[in-house]
$ cat query.txt   # compact mmCIF, C-alpha atoms
# COMPACT_ATOMS: atom_id res chain seq x y z
CA THR M 175 36.08 -45.90 -58.76
CA SER M 176 36.86 -43.99 -55.58
CA ALA M 177 34.61 -41.16 -54.45
CA ASN M 178 35.76 -37.55 -54.29
CA ILE M 179 34.35 -35.42 -51.45
CA LEU M 180 33.16 -31.96 -52.52
CA ALA M 181 31.47 -30.63 -49.38
CA ALA M 182 30.29 -31.61 -45.91
CA ALA M 183 27.35 -30.28 -43.92
CA PRO M 184 27.04 -29.89 -40.11
CA SER M 185 24.27 -32.51 -40.19
CA GLY M 186 26.86 -35.13 -41.16
CA ARG M 187 25.77 -35.27 -44.79
CA ARG M 188 28.44 -34.89 -47.44
CA VAL M 189 28.55 -34.42 -51.20
CA GLU M 190 30.65 -36.86 -53.25
CA TYR M 191 31.09 -37.60 -56.93
CA VAL M 192 32.44 -40.45 -59.05
CA SER M 193 33.10 -40.59 -62.79
CA THR M 194 31.88 -43.19 -65.24
CA PRO M 195 34.34 -46.08 -64.87
CA ASP M 196 34.87 -46.84 -68.55
CA GLU M 197 38.12 -45.10 -69.55
CA ALA M 198 37.34 -45.75 -73.22
CA ILE M 199 34.51 -43.22 -73.14
CA PRO M 200 35.59 -39.93 -74.81
CA GLN M 201 35.96 -37.02 -72.39
CA ARG M 202 33.06 -35.08 -73.93
CA GLU M 203 30.73 -38.05 -73.42
CA LYS M 204 31.67 -38.79 -69.82
CA LYS M 205 29.24 -38.31 -66.97
CA TRP M 206 29.82 -37.74 -63.28
CA ASN M 207 27.38 -39.00 -60.64
CA VAL M 208 27.00 -36.71 -57.64
CA TYR M 209 25.82 -38.27 -54.38
CA VAL M 210 24.55 -36.90 -51.10
CA VAL M 211 25.72 -39.29 -48.38
CA ASP M 212 24.22 -39.28 -44.87
CA SER M 213 26.03 -40.02 -41.60
CA PHE M 214 25.13 -43.71 -41.91
CA GLY M 215 26.71 -44.02 -45.35
CA ALA M 216 23.43 -44.38 -47.25
CA GLN M 217 23.65 -42.76 -50.66
CA SER M 218 21.83 -42.33 -53.92
CA PRO M 219 22.77 -40.27 -57.00
CA LYS M 220 21.24 -36.80 -56.81
CA ALA M 221 22.74 -35.27 -59.94
CA ILE M 222 24.33 -36.48 -63.16
CA VAL M 223 26.56 -33.86 -64.78
CA ASP M 224 28.68 -33.75 -67.95
CA ARG M 225 31.73 -32.02 -66.44
CA VAL M 226 33.95 -32.56 -63.44
CA PRO M 227 32.33 -31.05 -60.31
CA GLN M 228 34.71 -28.62 -58.63
CA CYS M 229 32.70 -27.21 -55.73
CA ALA M 230 29.40 -27.84 -53.95
CA ASP M 231 27.20 -26.67 -51.11
CA LEU M 232 24.08 -28.01 -49.45
CA SER M 233 21.35 -25.70 -48.24
CA ARG M 234 20.86 -25.66 -44.48
CA ASP M 235 17.73 -27.81 -44.72
CA GLY M 236 19.55 -30.28 -46.98
CA ARG M 237 16.95 -30.06 -49.73
CA THR M 238 18.94 -28.13 -52.32
CA LEU M 239 22.37 -28.80 -53.82
CA ALA M 240 24.54 -26.24 -55.62
CA LEU M 241 27.37 -27.34 -57.92
CA GLY M 242 30.17 -25.61 -59.79
CA LEU M 243 31.50 -27.48 -62.84
CA GLN M 244 34.89 -27.36 -64.53
CA PRO M 245 35.07 -24.86 -67.42
CA LEU M 246 35.86 -26.08 -70.92
CA ARG M 247 39.47 -25.55 -71.98
CA THR M 248 41.30 -25.64 -75.30
CA PRO M 249 45.05 -25.72 -75.98
CA PRO M 250 46.62 -22.23 -75.71
CA PRO M 251 47.64 -20.46 -78.92
CA PRO M 252 51.33 -20.45 -79.93
CA GLY M 253 53.37 -18.03 -77.83
CA ALA M 254 50.71 -17.64 -75.13
CA GLN M 255 51.67 -17.51 -71.47
CA GLU M 256 50.89 -20.55 -69.38
CA GLY M 257 47.14 -20.80 -68.87
CA GLU M 258 46.33 -17.88 -71.15
CA SER M 259 43.30 -18.15 -73.45
CA THR M 260 42.70 -21.80 -72.58
CA ILE M 261 39.22 -21.33 -71.12
CA THR M 262 36.65 -21.25 -73.91
CA GLU M 263 33.66 -21.06 -71.59
CA SER M 264 33.84 -19.68 -68.10
CA ASP M 265 32.03 -21.07 -65.10
CA VAL M 266 29.00 -23.35 -65.10
CA PHE M 267 26.83 -23.45 -61.98
CA GLU M 268 23.80 -25.64 -61.28
CA VAL M 269 21.20 -26.00 -58.52
CA TRP M 270 19.50 -29.37 -57.91
CA ASP M 271 16.54 -30.62 -55.91
CA VAL M 272 18.04 -33.28 -53.62
CA GLU M 273 14.79 -35.13 -52.96
CA ASN M 274 13.96 -36.02 -56.57
CA GLY M 275 17.31 -35.52 -58.33
CA ARG M 276 15.93 -32.79 -60.59
CA ARG M 277 18.01 -29.90 -61.85
CA ILE M 278 16.27 -26.64 -60.98
CA TRP M 279 18.45 -24.27 -62.98
CA GLN M 280 21.79 -23.94 -64.73
CA VAL M 281 23.87 -20.96 -65.82
CA LYS M 282 26.77 -21.03 -68.29
CA LEU M 283 28.71 -17.82 -67.94
CA PRO M 284 30.57 -16.33 -70.91
CA LYS M 285 34.35 -16.19 -70.91
CA SER M 286 35.64 -13.29 -68.81
CA PRO M 287 36.99 -10.31 -70.82
CA VAL M 288 39.85 -10.21 -68.28
CA PRO M 289 42.20 -13.23 -68.58
CA ASP M 290 41.07 -15.95 -66.18
CA THR M 291 44.23 -16.81 -64.25
CA ARG M 292 42.75 -19.55 -62.06
CA LEU M 293 44.46 -22.90 -62.10
CA LYS M 294 41.15 -24.51 -61.08
CA GLY M 295 38.42 -24.36 -58.49
CA CYS M 296 35.32 -22.44 -57.47
CA PHE M 297 33.13 -21.76 -54.44
CA VAL M 298 29.35 -21.90 -54.03
CA ARG M 299 27.59 -20.79 -50.85
CA PHE M 300 23.90 -20.74 -49.91
CA SER M 301 22.78 -17.97 -47.62
CA PRO M 302 21.63 -19.23 -44.19
CA ASP M 303 17.97 -18.64 -45.13
CA THR M 304 18.54 -20.32 -48.55
CA THR M 305 17.12 -17.33 -50.43
CA LEU M 306 20.42 -16.44 -52.11
CA LEU M 307 23.30 -18.32 -53.69
CA ALA M 308 26.76 -16.80 -54.05
CA THR M 309 29.14 -18.24 -56.65
CA SER M 310 32.84 -17.55 -57.02
CA GLY M 311 34.72 -18.52 -60.17
CA ALA M 312 36.41 -16.01 -62.42
CA GLY M 313 34.35 -13.49 -60.46
CA VAL M 314 31.74 -13.38 -57.69
CA ARG M 315 28.02 -13.29 -58.43
CA VAL M 316 24.86 -13.53 -56.34
CA TRP M 317 21.66 -15.22 -57.53
CA VAL M 318 18.14 -15.89 -56.33
CA ALA M 319 18.64 -19.47 -55.16
CA ALA M 320 15.21 -20.73 -56.22
CA THR M 321 15.24 -19.35 -59.78
CA GLY M 322 18.77 -18.42 -60.83
CA VAL M 323 17.81 -14.80 -61.40
CA PRO M 324 21.01 -12.70 -61.11
CA VAL M 325 21.07 -10.26 -58.23
CA HIS M 326 24.57 -8.82 -58.29
CA VAL M 327 27.83 -9.07 -60.25
CA ASP M 328 31.00 -8.15 -58.37
CA SER M 329 33.82 -6.46 -60.27
CA GLY M 330 36.71 -8.22 -58.46
CA GLN M 331 38.71 -10.79 -60.43
CA ALA M 332 40.14 -14.09 -59.16
CA GLY M 333 43.88 -14.77 -58.96
CA LEU M 334 45.29 -18.30 -59.05
CA ARG M 335 42.35 -19.33 -56.88
CA PRO M 336 38.70 -18.31 -56.79
CA GLN M 337 37.86 -15.63 -54.27
CA ALA M 338 36.69 -17.07 -50.95
CA ILE M 339 33.10 -16.16 -49.97
CA ALA M 340 30.91 -16.42 -46.88
CA PHE M 341 27.46 -15.12 -45.88
CA SER M 342 26.84 -13.60 -42.48
CA PRO M 343 24.52 -15.52 -40.12
CA THR M 344 21.68 -13.09 -40.91
CA THR M 345 22.21 -13.25 -44.73
CA ARG M 346 22.54 -9.48 -44.73
CA GLN M 347 26.21 -9.43 -45.75
CA LEU M 348 28.58 -11.33 -48.01
CA ALA M 349 32.31 -11.37 -47.25
CA ILE M 350 34.75 -11.76 -50.16
CA GLY M 351 38.42 -12.60 -49.63
CA ARG M 352 40.40 -10.81 -52.31
CA ARG M 353 43.50 -11.96 -54.17
CA ASN M 354 45.48 -9.08 -52.55
CA GLY M 355 44.80 -10.37 -49.01
CA LEU M 356 42.12 -7.85 -48.11
CA VAL M 357 38.43 -8.45 -47.40
CA ASP M 358 35.39 -6.65 -48.81
CA VAL M 359 31.89 -6.93 -47.37
CA LEU M 360 28.83 -6.55 -49.62
CA ASP M 361 25.26 -5.93 -48.60
CA PRO M 362 23.30 -8.32 -50.88
CA VAL M 363 19.91 -7.15 -49.60
CA ASN M 364 20.39 -3.42 -50.03
CA SER M 365 19.49 -2.38 -53.59
CA SER M 366 22.45 0.04 -53.65
CA TRP M 367 24.90 -2.83 -53.07
CA THR M 368 27.20 -0.99 -50.74
CA VAL M 369 30.77 -2.29 -50.52
CA LYS M 370 32.71 -1.99 -47.27
CA SER M 371 36.46 -2.51 -47.70
CA LEU M 372 38.21 -3.61 -44.53
CA ASP M 373 41.48 -1.88 -43.66
CA GLY M 374 44.58 -4.09 -43.51
CA ALA M 375 46.52 -1.26 -41.83
CA ASP M 376 50.24 -2.12 -41.68
CA ILE M 377 49.54 -5.85 -41.50
CA ILE M 378 48.33 -6.39 -45.06
CA ARG M 379 49.80 -4.11 -47.68
CA PRO M 380 48.41 -4.93 -51.13
CA ARG M 381 50.66 -4.32 -54.13
CA PRO M 382 49.34 -3.10 -57.47
CA LEU M 383 49.05 -5.62 -60.30
CA ASN M 384 50.29 -4.88 -63.80
CA GLU M 385 47.27 -5.89 -65.86
CA ARG M 386 49.39 -6.04 -69.04
CA ASP M 387 51.30 -8.96 -67.52
CA ARG M 388 48.52 -10.33 -65.35
CA PHE M 389 49.55 -13.99 -65.44
CA THR M 390 53.06 -13.32 -64.14
CA GLY M 391 51.85 -10.81 -61.56
CA VAL M 392 49.22 -13.17 -60.18
CA ALA M 393 51.66 -16.09 -60.04
CA VAL M 394 54.31 -14.26 -57.99
CA ARG M 395 51.64 -12.94 -55.60
CA SER M 396 49.81 -16.22 -55.03
CA HIS M 397 50.87 -16.25 -51.35
CA GLU M 398 48.96 -12.98 -50.87
CA GLU M 399 45.55 -14.48 -51.79
CA VAL M 400 42.83 -15.21 -49.25
CA HIS M 401 42.31 -18.99 -49.24
CA ALA M 402 39.25 -19.22 -46.98
CA ILE M 403 36.85 -16.97 -45.08
CA ASP M 404 34.01 -17.22 -42.56
CA PHE M 405 31.84 -15.13 -40.24
CA ALA M 406 31.73 -15.64 -36.48
CA PRO M 407 28.27 -16.49 -35.08
CA ASP M 408 27.80 -12.92 -33.78
CA GLY M 409 28.10 -11.56 -37.33
CA ARG M 410 30.52 -8.86 -36.14
CA THR M 411 33.76 -10.76 -36.74
CA ILE M 412 35.25 -12.18 -39.94
CA VAL M 413 38.11 -14.66 -40.05
CA SER M 414 40.24 -15.15 -43.17
CA ALA M 415 43.12 -17.46 -44.07
CA LEU M 416 46.11 -15.76 -45.69
CA SER M 417 49.03 -18.08 -46.42
CA ASN M 418 50.08 -19.46 -43.00
CA ARG M 419 48.29 -16.70 -41.09
CA VAL M 420 44.71 -16.40 -39.84
CA ILE M 421 43.43 -12.82 -39.80
CA VAL M 422 40.63 -11.79 -37.44
CA TRP M 423 38.70 -8.73 -38.63
CA ASP M 424 36.38 -6.48 -36.62
CA LEU M 425 33.48 -5.54 -38.86
CA GLN M 426 32.38 -2.48 -36.87
CA SER M 427 35.77 -0.75 -37.02
CA ALA M 428 36.57 -2.34 -40.42
CA ARG M 429 40.09 -3.16 -39.23
CA VAL M 430 42.27 -6.11 -38.31
CA ARG M 431 41.70 -7.15 -34.70
CA LYS M 432 44.20 -10.01 -34.36
CA VAL M 433 46.65 -12.13 -36.35
CA LEU M 434 47.24 -15.80 -35.59
CA ASP M 435 50.55 -16.67 -37.24
CA THR M 436 51.65 -19.84 -35.47
CA HIS M 437 50.86 -22.14 -38.41
CA GLN M 438 53.86 -23.64 -40.20
CA SER M 439 51.97 -24.51 -43.38
CA PRO M 440 49.46 -22.55 -45.48
CA VAL M 441 45.91 -22.54 -44.11
CA THR M 442 43.63 -23.72 -46.92
CA GLY M 443 40.30 -23.90 -45.07
CA LEU M 444 38.62 -22.72 -41.91
CA VAL M 445 35.23 -22.77 -40.19
CA VAL M 446 34.18 -20.68 -37.19
CA ASP M 447 32.23 -22.81 -34.73
CA LYS M 448 28.57 -21.93 -34.97
$ encode --input "query.txt" --output "structure tokens"
Amino acid sequence: TSANILAAAPSGRRVEYVSTPDEAIPQREKKWNVYVVDSFGAQSPKAIVDRVPQCADLSRDGRTLALGLQPLRTPPPPGAQEGESTITESDVFEVWDVENGRRIWQVKLPKSPVPDTRLKGCFVRFSPDTTLLATSGAGVRVWVAATGVPVHVDSGQAGLRPQAIAFSPTTRQLAIGRRNGLVDVLDPVNSSWTVKSLDGADIIRPRPLNERDRFTGVAVRSHEEVHAIDFAPDGRTIVSALSNRVIVWDLQSARVRKVLDTHQSPVTGLVVDK
């Protein structure tokens, strides 16, 4: 069975997973082995999970692994729109100790009261100091990385994709790329949880979404969603991927600084050199 890469770390380590090879095993009894592979190719299973892993992140010291697992789905009811009411349980996130392959904590989130329009996917991101973990599925949440104690629940809802997330180099801010193309910045350390919305000016003009026909509205606006986001090393600049454009934001003025639109295909990932 071929390996599927979930994440890669600057150290050269990467996270992979493979499923149990026996196709005769019922889906609900299948297991997926998650490996942490070093730059020399040495590997050993670090987690065994009962759902397909969809996203992963390694802490900066490489000792802790965060995973996001595929939500359970059931067939939609007669007459439902495509994707509607198929998710019976929302996101499942886990944190594992890499050294001994022990699961530290798990959270199974209830189904979102707002229809979950994602086709698939999630994001998990450790803060640079590994004290916090941000997860992005149907919505964005922040947890104490060591214990799974919830710290903050964001009110924004995902579109066809999960909302892109990135911590600043100092851990003091969390950037969220919204489904309307804009970027919000949260202060996850401040108890008031201030939200700073960056101004798209005339470059990004979000359109309102009719919540009564959310599935159709999200589908026709999928090109407006932020696919990826990252902070520059100075912590004063944010870069986001929006369709085939890369948007450079100035955090101090809370406005767009530059647009790089020379890409012919959609930009699905980006990293600012640290």
$ residues_around --input "query.txt" --residues "segment 207-209 of chain M" --least-positions-apart "5" --cutoff "7 Å" --atoms "only C-alpha atoms" --output "PyMOL selection string"
chain M and resi 189-193+217-223
$ residues_near_point --input "query.txt" --point "(38.9, -15.5, -60.4)" --cutoff "8 Å" --atoms "all atoms listed in the file" --output "VMD selection string"
chain M and resid 290 to 292 310 to 314 330 to 337
$ atom_distance --input "query.txt" --atom1 "atom CA of Asp358 of chain M" --atom2 "atom CA of Val298 of chain M"
17.2 Å
$ closest_residue --input "query.txt" --among "M:Ala240, M:Val420, M:Val210, M:Ala308" --to "Ile339 of chain M" --atoms "all atoms listed in the file"
M:Ala308
$ residues_around --input "query.txt" --residues "Leu239 of chain M" --least-positions-apart "4" --cutoff "12 Å" --atoms "only C-alpha atoms" --output "ChimeraX atom specification"
/M:180-183,187-190,208-210,219-221,229-235,267-280,298-300,304,307,319-320
$ write_last_selection --input "query.txt" --atoms "C-alpha atoms" --output "PDB file, in the coordinates of the input"
ATOM      1  CA  LEU M 180      33.160 -31.960 -52.520  1.00  0.00           C
ATOM      2  CA  ALA M 181      31.470 -30.630 -49.380  1.00  0.00           C
ATOM      3  CA  ALA M 182      30.290 -31.610 -45.910  1.00  0.00           C
ATOM      4  CA  ALA M 183      27.350 -30.280 -43.920  1.00  0.00           C
ATOM      5  CA  ARG M 187      25.770 -35.270 -44.790  1.00  0.00           C
ATOM      6  CA  ARG M 188      28.440 -34.890 -47.440  1.00  0.00           C
ATOM      7  CA  VAL M 189      28.550 -34.420 -51.200  1.00  0.00           C
ATOM      8  CA  GLU M 190      30.650 -36.860 -53.250  1.00  0.00           C
ATOM      9  CA  VAL M 208      27.000 -36.710 -57.640  1.00  0.00           C
ATOM     10  CA  TYR M 209      25.820 -38.270 -54.380  1.00  0.00           C
ATOM     11  CA  VAL M 210      24.550 -36.900 -51.100  1.00  0.00           C
ATOM     12  CA  PRO M 219      22.770 -40.270 -57.000  1.00  0.00           C
ATOM     13  CA  LYS M 220      21.240 -36.800 -56.810  1.00  0.00           C
ATOM     14  CA  ALA M 221      22.740 -35.270 -59.940  1.00  0.00           C
ATOM     15  CA  CYS M 229      32.700 -27.210 -55.730  1.00  0.00           C
ATOM     16  CA  ALA M 230      29.400 -27.840 -53.950  1.00  0.00           C
ATOM     17  CA  ASP M 231      27.200 -26.670 -51.110  1.00  0.00           C
ATOM     18  CA  LEU M 232      24.080 -28.010 -49.450  1.00  0.00           C
ATOM     19  CA  SER M 233      21.350 -25.700 -48.240  1.00  0.00           C
ATOM     20  CA  ARG M 234      20.860 -25.660 -44.480  1.00  0.00           C
ATOM     21  CA  ASP M 235      17.730 -27.810 -44.720  1.00  0.00           C
ATOM     22  CA  PHE M 267      26.830 -23.450 -61.980  1.00  0.00           C
ATOM     23  CA  GLU M 268      23.800 -25.640 -61.280  1.00  0.00           C
ATOM     24  CA  VAL M 269      21.200 -26.000 -58.520  1.00  0.00           C
ATOM     25  CA  TRP M 270      19.500 -29.370 -57.910  1.00  0.00           C
ATOM     26  CA  ASP M 271      16.540 -30.620 -55.910  1.00  0.00           C
ATOM     27  CA  VAL M 272      18.040 -33.280 -53.620  1.00  0.00           C
ATOM     28  CA  GLU M 273      14.790 -35.130 -52.960  1.00  0.00           C
ATOM     29  CA  ASN M 274      13.960 -36.020 -56.570  1.00  0.00           C
ATOM     30  CA  GLY M 275      17.310 -35.520 -58.330  1.00  0.00           C
ATOM     31  CA  ARG M 276      15.930 -32.790 -60.590  1.00  0.00           C
ATOM     32  CA  ARG M 277      18.010 -29.900 -61.850  1.00  0.00           C
ATOM     33  CA  ILE M 278      16.270 -26.640 -60.980  1.00  0.00           C
ATOM     34  CA  TRP M 279      18.450 -24.270 -62.980  1.00  0.00           C
ATOM     35  CA  GLN M 280      21.790 -23.940 -64.730  1.00  0.00           C
ATOM     36  CA  VAL M 298      29.350 -21.900 -54.030  1.00  0.00           C
ATOM     37  CA  ARG M 299      27.590 -20.790 -50.850  1.00  0.00           C
ATOM     38  CA  PHE M 300      23.900 -20.740 -49.910  1.00  0.00           C
ATOM     39  CA  THR M 304      18.540 -20.320 -48.550  1.00  0.00           C
ATOM     40  CA  LEU M 307      23.300 -18.320 -53.690  1.00  0.00           C
ATOM     41  CA  ALA M 319      18.640 -19.470 -55.160  1.00  0.00           C
ATOM     42  CA  ALA M 320      15.210 -20.730 -56.220  1.00  0.00           C
TER      43      ALA M 320
END
$ atom_distance --input "query.txt" --atom1 "atom CA of Gln244 of chain M" --atom2 "atom CA of Pro289 of chain M"
16.4 Å
$ atom_distance --input "query.txt" --atom1 "atom CA of Asp265 of chain M" --atom2 "atom CA of Leu283 of chain M"
5.4 Å
$ closest_residue --input "query.txt" --among "M:Ile179, M:Ala402, M:Leu293, M:Leu360" --to "Gln347 of chain M" --atoms "all atoms listed in the file"
M:Leu360
$ closest_residue --input "query.txt" --among "M:Val446, M:Val288, M:Val363, M:Ala415" --to "Val318 of chain M" --atoms "only C-alpha atoms"
M:Val363
$ closest_residue --input "query.txt" --among "M:Ser286, M:Thr305, M:Ser365, M:Thr442" --to "Ser264 of chain M" --atoms "all atoms listed in the file"
M:Ser286
$ closest_residue --input "query.txt" --among "M:Val413, M:Val211, M:Val357, M:Ala349" --to "Pro380 of chain M" --atoms "all atoms listed in the file"
M:Val357
$ closest_residue --input "query.txt" --among "M:Asp212, M:Asp303, M:Asp435, M:Asp424" --to "Thr411 of chain M" --atoms "all atoms listed in the file"
M:Asp424
$ residues_around --input "query.txt" --residues "Leu348 of chain M" --least-positions-apart "6" --cutoff "6 Å" --atoms "all atoms listed in the file" --output "number ranges by chain"
M: 340-341, 359-360
$ build_atoms --input "query.txt" --residues "segment 340-350 of chain M" --atoms "all heavy atoms" --output "mmCIF file, in the frame of the given file"
data_model
loop_
_atom_site.group_PDB
_atom_site.id
_atom_site.type_symbol
_atom_site.label_atom_id
_atom_site.label_comp_id
_atom_site.auth_asym_id
_atom_site.auth_seq_id
_atom_site.Cartn_x
_atom_site.Cartn_y
_atom_site.Cartn_z
ATOM 1 N N ALA M 340 31.676 -15.935 -48.034
ATOM 2 C CA ALA M 340 30.910 -16.420 -46.880
ATOM 3 C C ALA M 340 29.789 -15.432 -46.575
ATOM 4 O O ALA M 340 30.007 -14.213 -46.569
ATOM 5 C CB ALA M 340 31.799 -16.587 -45.648
ATOM 6 N N PHE M 341 28.586 -15.951 -46.322
ATOM 7 C CA PHE M 341 27.460 -15.120 -45.880
ATOM 8 C C PHE M 341 27.505 -14.951 -44.367
ATOM 9 O O PHE M 341 27.957 -15.844 -43.634
ATOM 10 C CB PHE M 341 26.132 -15.781 -46.258
ATOM 11 C CG PHE M 341 25.687 -15.522 -47.663
ATOM 12 C CD1 PHE M 341 25.783 -16.510 -48.636
ATOM 13 C CD2 PHE M 341 25.146 -14.291 -48.028
ATOM 14 C CE1 PHE M 341 25.365 -16.286 -49.939
ATOM 15 C CE2 PHE M 341 24.715 -14.048 -49.327
ATOM 16 C CZ PHE M 341 24.830 -15.059 -50.283
ATOM 17 N N SER M 342 26.995 -13.812 -43.920
ATOM 18 C CA SER M 342 26.840 -13.600 -42.480
ATOM 19 C C SER M 342 25.671 -14.441 -41.980
ATOM 20 O O SER M 342 24.828 -14.885 -42.764
ATOM 21 C CB SER M 342 26.576 -12.117 -42.195
ATOM 22 O OG SER M 342 25.310 -11.734 -42.729
ATOM 23 N N PRO M 343 25.606 -14.686 -40.664
ATOM 24 C CA PRO M 343 24.520 -15.520 -40.120
ATOM 25 C C PRO M 343 23.119 -14.992 -40.429
ATOM 26 O O PRO M 343 22.167 -15.767 -40.493
ATOM 27 C CB PRO M 343 24.789 -15.498 -38.610
ATOM 28 C CG PRO M 343 26.251 -15.245 -38.495
ATOM 29 C CD PRO M 343 26.581 -14.321 -39.626
ATOM 30 N N THR M 344 22.995 -13.683 -40.655
ATOM 31 C CA THR M 344 21.680 -13.090 -40.910
ATOM 32 C C THR M 344 21.374 -12.960 -42.408
ATOM 33 O O THR M 344 20.309 -12.461 -42.770
ATOM 34 C CB THR M 344 21.593 -11.697 -40.284
ATOM 35 O OG1 THR M 344 22.589 -10.851 -40.880
ATOM 36 C CG2 THR M 344 21.816 -11.769 -38.775
ATOM 37 N N THR M 345 22.329 -13.351 -43.268
ATOM 38 C CA THR M 345 22.210 -13.250 -44.730
ATOM 39 C C THR M 345 22.332 -11.815 -45.214
ATOM 40 O O THR M 345 22.259 -11.553 -46.404
ATOM 41 C CB THR M 345 20.876 -13.854 -45.232
ATOM 42 O OG1 THR M 345 20.729 -15.161 -44.704
ATOM 43 C CG2 THR M 345 20.827 -13.982 -46.754
ATOM 44 N N ARG M 346 22.542 -10.878 -44.330
ATOM 45 C CA ARG M 346 22.540 -9.480 -44.730
ATOM 46 C C ARG M 346 23.870 -9.044 -45.357
ATOM 47 O O ARG M 346 23.937 -7.970 -45.957
ATOM 48 C CB ARG M 346 22.223 -8.582 -43.529
ATOM 49 C CG ARG M 346 20.787 -8.719 -43.048
ATOM 50 C CD ARG M 346 20.457 -7.650 -42.017
ATOM 51 N NE ARG M 346 20.639 -6.303 -42.544
ATOM 52 C CZ ARG M 346 19.737 -5.663 -43.285
ATOM 53 N NH1 ARG M 346 18.592 -6.264 -43.596
ATOM 54 N NH2 ARG M 346 19.977 -4.452 -43.730
ATOM 55 N N GLN M 347 24.914 -9.827 -45.212
ATOM 56 C CA GLN M 347 26.210 -9.430 -45.750
ATOM 57 C C GLN M 347 26.929 -10.626 -46.367
ATOM 58 O O GLN M 347 26.742 -11.764 -45.950
ATOM 59 C CB GLN M 347 27.079 -8.809 -44.645
ATOM 60 C CG GLN M 347 26.524 -7.478 -44.134
ATOM 61 C CD GLN M 347 27.168 -7.055 -42.845
ATOM 62 O OE1 GLN M 347 27.299 -7.846 -41.925
ATOM 63 N NE2 GLN M 347 27.574 -5.801 -42.767
ATOM 64 N N LEU M 348 27.754 -10.323 -47.361
ATOM 65 C CA LEU M 348 28.580 -11.330 -48.010
ATOM 66 C C LEU M 348 30.023 -10.871 -47.943
ATOM 67 O O LEU M 348 30.366 -9.791 -48.433
ATOM 68 C CB LEU M 348 28.169 -11.528 -49.473
ATOM 69 C CG LEU M 348 29.023 -12.511 -50.280
ATOM 70 C CD1 LEU M 348 28.761 -13.943 -49.819
ATOM 71 C CD2 LEU M 348 28.738 -12.371 -51.777
ATOM 72 N N ALA M 349 30.888 -11.677 -47.326
ATOM 73 C CA ALA M 349 32.310 -11.370 -47.250
ATOM 74 C C ALA M 349 33.038 -12.012 -48.420
ATOM 75 O O ALA M 349 32.773 -13.163 -48.775
ATOM 76 C CB ALA M 349 32.899 -11.873 -45.933
ATOM 77 N N ILE M 350 33.956 -11.268 -49.034
ATOM 78 C CA ILE M 350 34.750 -11.760 -50.160
ATOM 79 C C ILE M 350 36.225 -11.579 -49.813
ATOM 80 O O ILE M 350 36.681 -10.464 -49.525
ATOM 81 C CB ILE M 350 34.440 -10.998 -51.455
ATOM 82 C CG1 ILE M 350 32.944 -11.075 -51.785
ATOM 83 C CG2 ILE M 350 35.260 -11.548 -52.615
ATOM 84 C CD1 ILE M 350 32.550 -10.265 -53.008
#
